[in-house]
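So this one's start.txt, compact mmCIF, C-alpha atoms and all ligand atoms:
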```txt
# COMPACT_ATOMS: atom_id res chain seq x y z
CA MET A 1 -8.60 -18.74 17.75
CA ALA A 2 -7.49 -22.05 16.31
CA GLY A 3 -10.83 -22.24 14.51
CA ILE A 4 -10.10 -19.02 12.67
CA TYR A 5 -6.67 -20.31 11.63
CA ARG A 6 -8.17 -23.55 10.43
CA SER A 7 -10.96 -21.94 8.47
CA THR A 8 -8.54 -19.46 6.85
CA ARG A 9 -6.23 -22.30 5.88
CA TYR A 10 -9.27 -24.21 4.67
CA VAL A 11 -10.37 -21.41 2.34
CA LEU A 12 -6.87 -21.08 0.86
CA GLN A 13 -6.06 -24.76 0.69
CA ASN A 14 -9.44 -25.61 -0.71
CA ALA A 15 -8.85 -23.08 -3.43
CA PHE A 16 -5.19 -23.83 -4.10
CA GLY A 17 -4.55 -27.29 -2.75
CA SER A 18 -1.21 -26.60 -1.02
CA ARG A 19 0.71 -24.14 1.11
CA SER A 20 1.89 -22.37 -2.02
CA LEU A 21 0.17 -19.03 -2.20
CA PRO A 22 -1.76 -17.48 -5.02
CA GLY A 23 -0.56 -14.71 -7.32
CA ALA A 24 -2.15 -11.31 -7.01
CA VAL A 25 -4.57 -11.66 -9.89
CA ARG A 26 -5.80 -15.17 -9.31
CA PHE A 27 -8.23 -14.31 -6.54
CA TYR A 28 -10.41 -12.15 -8.73
CA SER A 29 -13.83 -13.67 -8.35
CA GLN A 30 -16.20 -10.87 -9.27
CA LYS A 31 -16.79 -9.30 -12.65
CA PRO A 32 -14.40 -6.35 -12.91
CA ASP A 33 -15.81 -2.85 -12.92
CA PRO A 34 -15.53 -1.61 -16.52
CA ALA A 35 -14.19 1.75 -15.29
CA PRO A 36 -10.51 1.29 -14.42
CA LEU A 37 -9.48 2.15 -10.86
CA ILE A 38 -5.94 2.73 -12.07
CA ASN A 39 -4.87 4.59 -15.21
CA VAL A 40 -1.61 3.77 -16.93
CA ASP A 41 0.10 6.15 -19.28
CA VAL A 42 3.37 5.02 -20.85
CA ASP A 43 5.60 7.78 -22.25
CA SER A 44 6.43 6.68 -25.79
CA LYS A 45 9.85 8.38 -25.72
CA THR A 46 11.15 7.23 -22.34
CA GLY A 47 9.15 4.04 -21.79
CA VAL A 48 8.27 5.25 -18.29
CA ALA A 49 4.75 4.48 -17.02
CA THR A 50 2.75 6.89 -14.91
CA VAL A 51 0.37 4.78 -12.86
CA THR A 52 -2.42 6.97 -11.53
CA MET A 53 -4.66 5.68 -8.76
CA ASN A 54 -8.15 6.78 -9.65
CA SER A 55 -10.55 5.29 -7.15
CA PRO A 56 -12.53 8.23 -5.68
CA PRO A 57 -12.92 9.58 -3.17
CA VAL A 58 -9.72 8.53 -1.38
CA ASN A 59 -8.07 5.58 -3.23
CA THR A 60 -8.75 3.06 -0.50
CA LEU A 61 -7.01 -0.28 -0.98
CA ASN A 62 -9.68 -2.91 -1.44
CA THR A 63 -9.62 -6.26 -3.24
CA PRO A 64 -10.64 -5.06 -6.74
CA PHE A 65 -8.20 -2.15 -6.54
CA LEU A 66 -5.33 -4.35 -5.35
CA ASN A 67 -6.06 -6.96 -7.99
CA GLU A 68 -5.96 -4.29 -10.65
CA MET A 69 -2.70 -2.91 -9.28
CA GLY A 70 -1.18 -6.41 -9.28
CA GLY A 71 -2.29 -6.86 -12.90
CA VAL A 72 -0.82 -3.49 -13.90
CA ILE A 73 2.59 -4.33 -12.39
CA LYS A 74 2.61 -7.72 -14.11
CA GLU A 75 1.77 -6.14 -17.46
CA LEU A 76 4.41 -3.42 -17.10
CA GLU A 77 7.02 -6.05 -16.26
CA LYS A 78 6.03 -8.09 -19.30
CA ASN A 79 6.40 -5.02 -21.51
CA LYS A 80 9.83 -4.19 -20.07
CA THR A 81 8.70 -0.76 -18.92
CA ARG A 82 11.64 1.52 -18.01
CA GLY A 83 10.10 3.00 -14.88
CA LEU A 84 6.93 3.21 -12.80
CA ILE A 85 5.69 6.43 -11.23
CA LEU A 86 2.87 5.93 -8.75
CA THR A 87 0.59 8.89 -8.17
CA SER A 88 -3.05 9.83 -7.55
CA SER A 89 -5.77 11.57 -9.55
CA SER A 90 -7.01 13.23 -6.34
CA ASN A 91 -5.90 16.74 -5.46
CA SER A 92 -5.61 15.96 -1.78
CA VAL A 93 -5.25 12.22 -1.14
CA PHE A 94 -2.54 9.85 -2.37
CA SER A 95 -4.25 6.87 -0.70
CA ALA A 96 -6.26 6.58 2.52
CA GLY A 97 -4.81 3.10 3.11
CA LEU A 98 -6.67 -0.13 3.61
CA ASP A 99 -10.38 -0.04 2.95
CA ILE A 100 -11.91 -0.54 6.37
CA MET A 101 -15.06 -1.86 4.69
CA GLU A 102 -13.04 -4.93 3.64
CA MET A 103 -12.55 -5.73 7.33
CA TYR A 104 -15.67 -4.40 9.03
CA LYS A 105 -18.32 -7.09 9.51
CA ALA A 106 -16.64 -9.08 6.74
CA PRO A 107 -16.74 -12.89 6.81
CA ARG A 108 -13.39 -14.51 7.58
CA ASP A 109 -12.96 -15.94 4.10
CA GLN A 110 -13.51 -12.49 2.56
CA MET A 111 -10.92 -11.02 4.93
CA ALA A 112 -8.53 -13.80 3.92
CA VAL A 113 -8.96 -13.04 0.23
CA PHE A 114 -8.46 -9.32 0.90
CA TRP A 115 -5.29 -9.79 2.95
CA THR A 116 -3.76 -12.34 0.57
CA THR A 117 -4.37 -9.97 -2.33
CA LEU A 118 -2.72 -7.17 -0.36
CA GLN A 119 0.28 -9.37 0.47
CA ASN A 120 0.76 -10.43 -3.15
CA THR A 121 0.31 -7.00 -4.65
CA TRP A 122 2.64 -5.47 -2.08
CA LEU A 123 5.30 -8.07 -2.86
CA SER A 124 4.96 -7.44 -6.62
CA LEU A 125 5.48 -3.70 -6.14
CA TYR A 126 8.20 -4.02 -3.51
CA ARG A 127 10.40 -6.42 -5.47
CA THR A 128 9.76 -5.43 -9.09
CA GLY A 129 12.90 -4.89 -11.17
CA ILE A 130 11.29 -1.79 -12.67
CA PRO A 131 12.57 1.43 -11.03
CA THR A 132 9.69 2.77 -8.92
CA VAL A 133 8.93 6.26 -7.63
CA ALA A 134 6.01 7.51 -5.55
CA ALA A 135 4.89 11.00 -6.53
CA ILE A 136 2.94 11.67 -3.34
CA ASN A 137 0.45 14.39 -4.22
CA GLY A 138 -1.80 14.10 -1.17
CA HIS A 139 -2.23 12.55 2.28
CA ALA A 140 -0.75 9.09 2.66
CA PRO A 141 -1.81 7.49 5.97
CA ALA A 142 -1.17 3.83 6.90
CA GLY A 143 -1.51 1.60 3.81
CA GLY A 144 -1.07 4.75 1.68
CA CYS A 145 2.30 5.29 3.35
CA LEU A 146 3.13 1.60 2.79
CA LEU A 147 2.51 2.01 -0.94
CA ALA A 148 4.92 4.95 -1.05
CA LEU A 149 7.51 3.14 1.09
CA SER A 150 7.40 0.17 -1.28
CA CYS A 151 8.71 2.38 -4.07
CA GLU A 152 12.44 3.13 -4.36
CA TYR A 153 12.13 6.91 -4.21
CA ARG A 154 9.57 9.29 -2.80
CA VAL A 155 8.86 12.82 -3.98
CA MET A 156 6.21 14.57 -1.90
CA VAL A 157 4.14 17.65 -2.58
CA GLY A 158 4.42 19.98 0.40
CA PRO A 159 3.79 21.50 2.73
CA LYS A 160 0.15 20.69 3.52
CA PHE A 161 -0.05 16.91 3.13
CA THR A 162 0.83 14.28 5.72
CA ILE A 163 2.29 10.79 5.64
CA GLY A 164 2.89 8.06 8.20
CA LEU A 165 2.06 4.69 9.65
CA ASN A 166 -0.67 5.83 12.07
CA GLU A 167 -2.00 2.37 12.99
CA THR A 168 -1.39 2.60 16.74
CA GLN A 169 -3.47 5.79 16.87
CA LEU A 170 -6.37 3.67 15.63
CA GLY A 171 -5.70 0.96 18.20
CA ILE A 172 -4.27 -1.46 15.63
CA VAL A 173 -0.77 -2.68 14.90
CA ALA A 174 1.19 -2.30 11.67
CA PRO A 175 2.31 -5.79 10.61
CA PRO A 176 6.07 -6.56 10.54
CA TRP A 177 6.39 -6.01 6.80
CA PHE A 178 5.00 -2.46 7.12
CA LEU A 179 7.60 -1.91 9.82
CA ILE A 180 10.43 -3.35 7.70
CA CYS A 181 9.59 -0.89 4.91
CA MET A 182 9.64 2.02 7.35
CA ARG A 183 12.90 0.87 8.92
CA GLU A 184 14.56 0.62 5.52
CA ALA A 185 13.70 4.27 4.88
CA VAL A 186 14.30 5.93 8.26
CA GLY A 187 16.26 3.45 10.41
CA PRO A 188 15.28 1.61 13.62
CA ARG A 189 15.25 4.58 16.02
CA GLN A 190 12.90 6.77 13.99
CA THR A 191 10.76 3.73 13.18
CA GLU A 192 10.19 2.90 16.81
CA LEU A 193 9.44 6.53 17.67
CA ALA A 194 7.08 6.92 14.72
CA LEU A 195 5.18 3.65 14.97
CA THR A 196 4.69 3.49 18.72
CA SER A 197 3.01 6.90 18.60
CA GLY A 198 1.34 6.41 15.19
CA LYS A 199 2.78 9.73 14.11
CA MET A 200 1.61 11.39 10.91
CA PHE A 201 4.44 13.53 9.55
CA THR A 202 4.10 16.79 7.68
CA ALA A 203 5.93 16.73 4.36
CA THR A 204 8.79 18.77 5.85
CA GLU A 205 9.10 16.46 8.87
CA ALA A 206 9.02 13.47 6.54
CA LEU A 207 11.89 14.94 4.54
CA ASN A 208 13.89 15.60 7.71
CA ILE A 209 13.78 11.97 8.85
CA GLY A 210 14.21 10.48 5.34
CA LEU A 211 10.68 9.16 5.04
CA VAL A 212 10.52 11.02 1.72
CA ASP A 213 13.50 11.94 -0.46
CA GLN A 214 12.41 15.24 -1.97
CA LEU A 215 9.83 17.97 -1.44
CA VAL A 216 8.23 19.84 -4.30
CA SER A 217 5.39 22.32 -4.51
CA ASN A 218 3.02 20.67 -6.97
CA LYS A 219 2.22 17.45 -8.82
CA GLU A 220 3.88 18.51 -12.09
CA GLU A 221 7.17 19.07 -10.26
CA ALA A 222 6.76 15.74 -8.49
CA LEU A 223 6.35 13.94 -11.82
CA ALA A 224 9.32 15.79 -13.33
CA GLU A 225 11.56 14.80 -10.39
CA ALA A 226 10.30 11.22 -10.59
CA HIS A 227 11.30 11.07 -14.26
CA LYS A 228 14.74 12.46 -13.35
CA PHE A 229 15.22 9.74 -10.73
CA ILE A 230 14.36 7.01 -13.22
CA ALA A 231 16.68 8.52 -15.84
CA ARG A 232 19.62 7.80 -13.46
CA PHE A 233 19.32 4.14 -14.42
CA ALA A 234 19.51 4.63 -18.17
CA LYS A 235 23.05 3.22 -18.32
CA ILE A 236 22.79 0.64 -15.53
CA PRO A 237 22.35 -2.93 -16.79
CA PRO A 238 18.80 -3.94 -15.73
CA LEU A 239 19.68 -7.38 -14.37
CA ALA A 240 22.45 -6.01 -12.14
CA ARG A 241 20.01 -3.36 -10.90
CA LYS A 242 17.20 -5.83 -10.29
CA LEU A 243 19.38 -8.27 -8.33
CA THR A 244 20.90 -5.47 -6.27
CA LYS A 245 17.40 -4.25 -5.42
CA GLU A 246 16.39 -7.78 -4.41
CA PHE A 247 19.47 -8.14 -2.17
CA THR A 248 18.79 -4.78 -0.55
CA ARG A 249 15.15 -5.72 0.08
CA GLN A 250 15.88 -9.27 1.14
CA GLU A 251 14.43 -8.95 4.65
CA GLY A 252 10.97 -7.89 3.48
CA ILE A 253 10.90 -10.35 0.60
CA LYS A 254 11.99 -13.23 2.85
CA TYR A 255 9.45 -12.28 5.49
CA MET A 256 6.62 -12.42 3.01
CA GLU A 257 7.80 -15.57 1.25
CA GLU A 258 8.26 -17.48 4.49
CA LYS A 259 5.60 -16.02 6.76
CA MET A 260 2.75 -15.28 4.39
CA LEU A 261 0.30 -17.74 5.93
CA ASP A 262 1.21 -16.91 9.53
CA ASP A 263 0.80 -13.22 8.71
CA LEU A 264 -2.59 -13.96 7.17
CA GLU A 265 -3.75 -15.98 10.15
CA THR A 266 -2.73 -13.24 12.55
CA PHE A 267 -4.54 -10.65 10.48
CA VAL A 268 -7.81 -12.58 10.28
CA ASP A 269 -7.58 -13.44 13.94
CA VAL A 270 -7.07 -9.83 15.06
CA ALA A 271 -9.38 -8.15 12.54
CA SER A 272 -12.34 -10.42 13.29
CA SER A 273 -12.05 -10.06 17.07
CA PRO A 274 -14.93 -8.18 18.76
CA SER A 275 -12.62 -5.43 20.02
CA ALA A 276 -11.19 -4.75 16.54
CA GLN A 277 -14.70 -4.78 15.06
CA LYS A 278 -15.84 -2.29 17.68
CA GLY A 279 -12.76 -0.13 16.95
CA MET A 280 -13.55 -0.15 13.24
CA GLU A 281 -17.18 0.77 13.88
CA MET A 282 -16.16 3.76 15.97
CA TYR A 283 -13.52 4.83 13.47
CA LEU A 284 -15.94 4.63 10.55
CA GLU A 285 -18.50 6.66 12.51
CA ALA A 286 -15.86 9.30 13.22
CA LEU A 287 -14.88 9.45 9.54
CA LYS A 288 -18.54 9.79 8.49
CA LYS A 289 -19.19 12.50 11.09
CA LYS A 290 -16.16 14.41 9.84
CA SER A 291 -17.30 14.23 6.21
CA THR A 292 -20.86 15.52 6.92
C1 LIG B 1 -9.91 1.42 13.63
C2 LIG B 1 -9.55 0.41 12.60
C3 LIG B 1 -9.49 -0.94 13.27
C4 LIG B 1 -9.02 -1.99 12.26
C5 LIG B 1 -8.77 -3.30 12.99
C6 LIG B 1 -8.14 -4.29 12.05
C7 LIG B 1 -7.18 -5.14 12.81
C8 LIG B 1 -6.19 -5.76 11.88
C9 LIG B 1 -4.82 -5.20 12.05
C10 LIG B 1 -3.97 -5.34 10.84
C11 LIG B 1 -4.18 -4.24 9.82
C12 LIG B 1 -3.21 -3.18 10.03
C13 LIG B 1 -3.01 -2.32 8.84
C14 LIG B 1 -3.78 -1.23 8.62
C15 LIG B 1 -3.40 -0.29 7.58
C16 LIG B 1 -4.46 0.67 7.14
O1 LIG B 1 -4.30 1.22 6.09
S1 LIG B 1 -5.86 0.94 8.10
C17 LIG B 1 -6.64 2.35 7.33
C18 LIG B 1 -6.06 3.60 7.89
N1 LIG B 1 -6.48 4.76 7.17
C19 LIG B 1 -6.72 5.92 7.75
O2 LIG B 1 -6.60 6.07 8.94
C20 LIG B 1 -7.18 7.04 6.87
C21 LIG B 1 -8.57 7.42 7.18
N2 LIG B 1 -9.00 8.50 6.33
C22 LIG B 1 -8.68 9.79 6.52
O3 LIG B 1 -7.98 10.17 7.42
C23 LIG B 1 -9.27 10.78 5.54
O4 LIG B 1 -10.28 10.15 4.83
C24 LIG B 1 -8.23 11.36 4.54
C25 LIG B 1 -7.25 12.31 5.26
C26 LIG B 1 -7.44 10.27 3.82
C27 LIG B 1 -8.97 12.19 3.45
O5 LIG B 1 -9.78 13.14 4.06
P1 LIG B 1 -10.96 13.83 3.23
O6 LIG B 1 -10.49 14.23 1.90
O7 LIG B 1 -11.53 14.89 4.12
O8 LIG B 1 -12.02 12.66 2.96
P2 LIG B 1 -13.06 12.03 4.01
O9 LIG B 1 -14.29 12.84 3.99
O10 LIG B 1 -12.42 11.79 5.31
O11 LIG B 1 -13.33 10.60 3.34
C28 LIG B 1 -14.14 10.46 2.18
C29 LIG B 1 -14.93 9.18 2.29
O12 LIG B 1 -14.00 8.08 2.31
C30 LIG B 1 -14.22 7.27 3.49
N3 LIG B 1 -12.93 6.74 3.94
C31 LIG B 1 -11.81 7.41 4.22
N4 LIG B 1 -10.81 6.59 4.55
C32 LIG B 1 -11.31 5.34 4.49
C33 LIG B 1 -10.75 4.03 4.71
N5 LIG B 1 -9.45 3.85 5.06
N6 LIG B 1 -11.55 2.95 4.54
C34 LIG B 1 -12.85 3.09 4.16
N7 LIG B 1 -13.43 4.30 3.94
C35 LIG B 1 -12.66 5.41 4.09
C36 LIG B 1 -14.83 8.24 4.49
O13 LIG B 1 -15.57 7.56 5.46
C37 LIG B 1 -15.73 9.07 3.59
O14 LIG B 1 -16.89 8.31 3.31
P3 LIG B 1 -18.32 9.00 3.07
O15 LIG B 1 -18.13 9.93 1.93
O16 LIG B 1 -18.65 9.71 4.36
O17 LIG B 1 -19.23 7.85 2.79
```
I need this file expressed as structure tokens, please.
Amino acid sequence: MAGIYRSTRYVLQNAFGSRSLPGAVRFYSQKPDPAPLINVDVDSKTGVATVTMNSPPVNTLNTPFLNEMGGVIKELEKNKTRGLILTSSSNSVFSAGLDIMEMYKAPRDQMAVFWTTLQNTWLSLYRTGIPTVAAINGHAPAGGCLLALSCEYRVMVGPKFTIGLNETQLGIVAPPWFLICMREAVGPRQTELALTSGKMFTATEALNIGLVDQLVSNKEEALAEAHKFIARFAKIPPLARKLTKEFTRQEGIKYMEEKMLDDLETFVDVASSPSAQKGMEMYLEALKKKST
């Protein structure tokens, strides 16, 4: 166990020379795919960006995707974008969550790069001063739910899609920062009930417990409601808004700033264990069987 911690630290410290952690885009080591995995469309009248995840078939969160997302957020912040609406180009999946292929039979240093990229990109989205809305136009399990929870407002297309932190159903544990995001939305009681059972909520159930803020019947309506939410801030001074958001989200931000390396070590430790690897193998087989 200690060996895993040491080698993970070694990879990071070798690359960055200290305990300070890298930004989301700095880990990019491969040539980027010329086809973007994320499309950005900024409305010239309102200055609001629609950020469309476009990584078929199911928008899994892998290192290239997360790097691109981190870069998009950075660029939108630089351009003083008025709002960010996160949605999917798929008709049925918002995001299937973490890409299991990043963890299955992956060397420890690759897992470390993946998780660090996830941590950094999550923190960028979670704390950005830009008003953020998730227009959830498909299923959003696990990491897909985390993406939505990291936004300030959630509009979900109902009734057929589902959302939730289902990790325990897969035999894995949602890390504390996933849990903090859930607790901020639905409170401690519903969080414990939901996470211990790994419950996936229907859109209506999600609305009832406050996991999403609004239900609509199609993507166009979801985008329209997302624009309306962002328009609420037209007359609010941006700095006051940004600082208030940071104060409200202090627990998650502090967790990640202070515990990033510990969180990484735990992840690599658990994910590379034989039982987790066996679990992933079985889960991947089940997914493949289902899709054939
Ligand atoms: C058992 C896992 C053990 C992991 C141990 C790690 C220990 C570390 C612990 C810390 C990490 C904790 C955090 C985890 C958060 C996560 O996000 S884990 C990922 C959880 N995600 C899911 O459970 C979603 C799985 N997918 C689905 O349920 C469905 O795909 C869908 C409802 C999203 C969409 O269904 P459908 O439209 O019918 O598409 P499919 O045919 O199912 O899928 C198409 C294609 O994509 C592949 N795929 C789907 N999801 C993933 C994924 N998450 N990772 C990688 N690949 C995925 C699927 O196999 C199909 O591939 P083929 O076309 O057959 O090649």
Site check for ligand LIG 1 (chain B): residues at most 8 Å away, all atoms listed in the file, as a ChimeraX atom specification: /A:57-58,60-61,92-101,103-104,139-144,165-167,170-175,267-268,270-272,276-292
Write a file of the selected residues as a compact mmCIF listing (two decimals), in the coordinates of the input, keeping C-alpha atoms.
```
# COMPACT_ATOMS: atom_id res chain seq x y z
CA PRO A 57 -12.92 9.58 -3.17
CA VAL A 58 -9.72 8.53 -1.38
CA THR A 60 -8.75 3.06 -0.50
CA LEU A 61 -7.01 -0.28 -0.98
CA SER A 92 -5.61 15.96 -1.78
CA VAL A 93 -5.25 12.22 -1.14
CA PHE A 94 -2.54 9.85 -2.37
CA SER A 95 -4.25 6.87 -0.70
CA ALA A 96 -6.26 6.58 2.52
CA GLY A 97 -4.81 3.10 3.11
CA LEU A 98 -6.67 -0.13 3.61
CA ASP A 99 -10.38 -0.04 2.95
CA ILE A 100 -11.91 -0.54 6.37
CA MET A 101 -15.06 -1.86 4.69
CA MET A 103 -12.55 -5.73 7.33
CA TYR A 104 -15.67 -4.40 9.03
CA HIS A 139 -2.23 12.55 2.28
CA ALA A 140 -0.75 9.09 2.66
CA PRO A 141 -1.81 7.49 5.97
CA ALA A 142 -1.17 3.83 6.90
CA GLY A 143 -1.51 1.60 3.81
CA GLY A 144 -1.07 4.75 1.68
CA LEU A 165 2.06 4.69 9.65
CA ASN A 166 -0.67 5.83 12.07
CA GLU A 167 -2.00 2.37 12.99
CA LEU A 170 -6.37 3.67 15.63
CA GLY A 171 -5.70 0.96 18.20
CA ILE A 172 -4.27 -1.46 15.63
CA VAL A 173 -0.77 -2.68 14.90
CA ALA A 174 1.19 -2.30 11.67
CA PRO A 175 2.31 -5.79 10.61
CA PHE A 267 -4.54 -10.65 10.48
CA VAL A 268 -7.81 -12.58 10.28
CA VAL A 270 -7.07 -9.83 15.06
CA ALA A 271 -9.38 -8.15 12.54
CA SER A 272 -12.34 -10.42 13.29
CA ALA A 276 -11.19 -4.75 16.54
CA GLN A 277 -14.70 -4.78 15.06
CA LYS A 278 -15.84 -2.29 17.68
CA GLY A 279 -12.76 -0.13 16.95
CA MET A 280 -13.55 -0.15 13.24
CA GLU A 281 -17.18 0.77 13.88
CA MET A 282 -16.16 3.76 15.97
CA TYR A 283 -13.52 4.83 13.47
CA LEU A 284 -15.94 4.63 10.55
CA GLU A 285 -18.50 6.66 12.51
CA ALA A 286 -15.86 9.30 13.22
CA LEU A 287 -14.88 9.45 9.54
CA LYS A 288 -18.54 9.79 8.49
CA LYS A 289 -19.19 12.50 11.09
CA LYS A 290 -16.16 14.41 9.84
CA SER A 291 -17.30 14.23 6.21
CA THR A 292 -20.86 15.52 6.92
```
Residues near Gly138 of chain A, cut-off 12 Å, only C-alpha atoms, skip fewer than 6 positions along chain, as a PDB file with C-alpha atoms, in the coordinates of the input:
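Writing the result to part39.pdb gives the following:
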```pdb
ATOM      1  CA  MET A  53      -4.660   5.680  -8.760  1.00  0.00           C
ATOM      2  CA  VAL A  58      -9.720   8.530  -1.380  1.00  0.00           C
ATOM      3  CA  ASN A  59      -8.070   5.580  -3.230  1.00  0.00           C
ATOM      4  CA  THR A  87       0.590   8.890  -8.170  1.00  0.00           C
ATOM      5  CA  SER A  88      -3.050   9.830  -7.550  1.00  0.00           C
ATOM      6  CA  SER A  89      -5.770  11.570  -9.550  1.00  0.00           C
ATOM      7  CA  SER A  90      -7.010  13.230  -6.340  1.00  0.00           C
ATOM      8  CA  ASN A  91      -5.900  16.740  -5.460  1.00  0.00           C
ATOM      9  CA  SER A  92      -5.610  15.960  -1.780  1.00  0.00           C
ATOM     10  CA  VAL A  93      -5.250  12.220  -1.140  1.00  0.00           C
ATOM     11  CA  PHE A  94      -2.540   9.850  -2.370  1.00  0.00           C
ATOM     12  CA  SER A  95      -4.250   6.870  -0.700  1.00  0.00           C
ATOM     13  CA  ALA A  96      -6.260   6.580   2.520  1.00  0.00           C
ATOM     14  CA  GLY A 144      -1.070   4.750   1.680  1.00  0.00           C
ATOM     15  CA  CYS A 145       2.300   5.290   3.350  1.00  0.00           C
ATOM     16  CA  ALA A 148       4.920   4.950  -1.050  1.00  0.00           C
ATOM     17  CA  VAL A 155       8.860  12.820  -3.980  1.00  0.00           C
ATOM     18  CA  MET A 156       6.210  14.570  -1.900  1.00  0.00           C
ATOM     19  CA  VAL A 157       4.140  17.650  -2.580  1.00  0.00           C
ATOM     20  CA  GLY A 158       4.420  19.980   0.400  1.00  0.00           C
ATOM     21  CA  PRO A 159       3.790  21.500   2.730  1.00  0.00           C
ATOM     22  CA  LYS A 160       0.150  20.690   3.520  1.00  0.00           C
ATOM     23  CA  PHE A 161      -0.050  16.910   3.130  1.00  0.00           C
ATOM     24  CA  THR A 162       0.830  14.280   5.720  1.00  0.00           C
ATOM     25  CA  ILE A 163       2.290  10.790   5.640  1.00  0.00           C
ATOM     26  CA  THR A 202       4.100  16.790   7.680  1.00  0.00           C
ATOM     27  CA  ALA A 203       5.930  16.730   4.360  1.00  0.00           C
ATOM     28  CA  VAL A 216       8.230  19.840  -4.300  1.00  0.00           C
ATOM     29  CA  SER A 217       5.390  22.320  -4.510  1.00  0.00           C
ATOM     30  CA  ASN A 218       3.020  20.670  -6.970  1.00  0.00           C
ATOM     31  CA  LYS A 219       2.220  17.450  -8.820  1.00  0.00           C
ATOM     32  CA  ALA A 222       6.760  15.740  -8.490  1.00  0.00           C
TER      33      ALA A 222
END
```
Report, in Å to a single decimal, how far apart atom CA of Pro176 of chain A and atom CA of Asp263 of chain A are. 8.7 Å
As a PyMOL selection string, please: the residues near segment 69-82 of chain A (cut-off 9 Å, all atoms listed in the file, same-chain neighbours under 6 positions excluded). chain A and resi 23-25+37-38+40+42+46-49+51+53+117+120-122+124-125+128-131+230-231+233-234
Write out, as a compact mmCIF listing (two decimals), in the frame of the given file, the residues just selected, with C-alpha atoms.
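What follows is the written file again_24.txt:
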```
# COMPACT_ATOMS: atom_id res chain seq x y z
CA GLY A 23 -0.56 -14.71 -7.32
CA ALA A 24 -2.15 -11.31 -7.01
CA VAL A 25 -4.57 -11.66 -9.89
CA LEU A 37 -9.48 2.15 -10.86
CA ILE A 38 -5.94 2.73 -12.07
CA VAL A 40 -1.61 3.77 -16.93
CA VAL A 42 3.37 5.02 -20.85
CA THR A 46 11.15 7.23 -22.34
CA GLY A 47 9.15 4.04 -21.79
CA VAL A 48 8.27 5.25 -18.29
CA ALA A 49 4.75 4.48 -17.02
CA VAL A 51 0.37 4.78 -12.86
CA MET A 53 -4.66 5.68 -8.76
CA THR A 117 -4.37 -9.97 -2.33
CA ASN A 120 0.76 -10.43 -3.15
CA THR A 121 0.31 -7.00 -4.65
CA TRP A 122 2.64 -5.47 -2.08
CA SER A 124 4.96 -7.44 -6.62
CA LEU A 125 5.48 -3.70 -6.14
CA THR A 128 9.76 -5.43 -9.09
CA GLY A 129 12.90 -4.89 -11.17
CA ILE A 130 11.29 -1.79 -12.67
CA PRO A 131 12.57 1.43 -11.03
CA ILE A 230 14.36 7.01 -13.22
CA ALA A 231 16.68 8.52 -15.84
CA PHE A 233 19.32 4.14 -14.42
CA ALA A 234 19.51 4.63 -18.17
```
Contact residues around Gly210 of chain A with all atoms listed in the file at 9 Å, ignoring same-chain residues under 6 positions, as a ChimeraX atom specification: /A:185-187
Which centre and edge lengths in Å to one decimal define the box along x, y and z that fits every listed atom of segment 103-118 of chain A plus 8 Å per side, as AutoDock Vina command-line options?
```
--center_x -10.5 --center_y -10.2 --center_z 3.6 --size_x 31.6 --size_y 27.5 --size_z 27.8
```
At a cut-off of 9 Å, using only C-alpha atoms, what residues contact Glu102 of chain A? Leave out same-chain residues fewer than 4 positions from it and give the result as a CSV table (one decimal) with C-alpha atoms, in the coordinates of the input.
```csv
chain,number,residue,atom,x,y,z
A,61,LEU,CA,-7.0,-0.3,-1.0
A,62,ASN,CA,-9.7,-2.9,-1.4
A,63,THR,CA,-9.6,-6.3,-3.2
A,98,LEU,CA,-6.7,-0.1,3.6
A,106,ALA,CA,-16.6,-9.1,6.7
A,110,GLN,CA,-13.5,-12.5,2.6
A,111,MET,CA,-10.9,-11.0,4.9
A,114,PHE,CA,-8.5,-9.3,0.9
```
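Distance-wise, atom CA of Gln190 of chain A and atom CA of Leu211 of chain A end up 9.5 Å apart.
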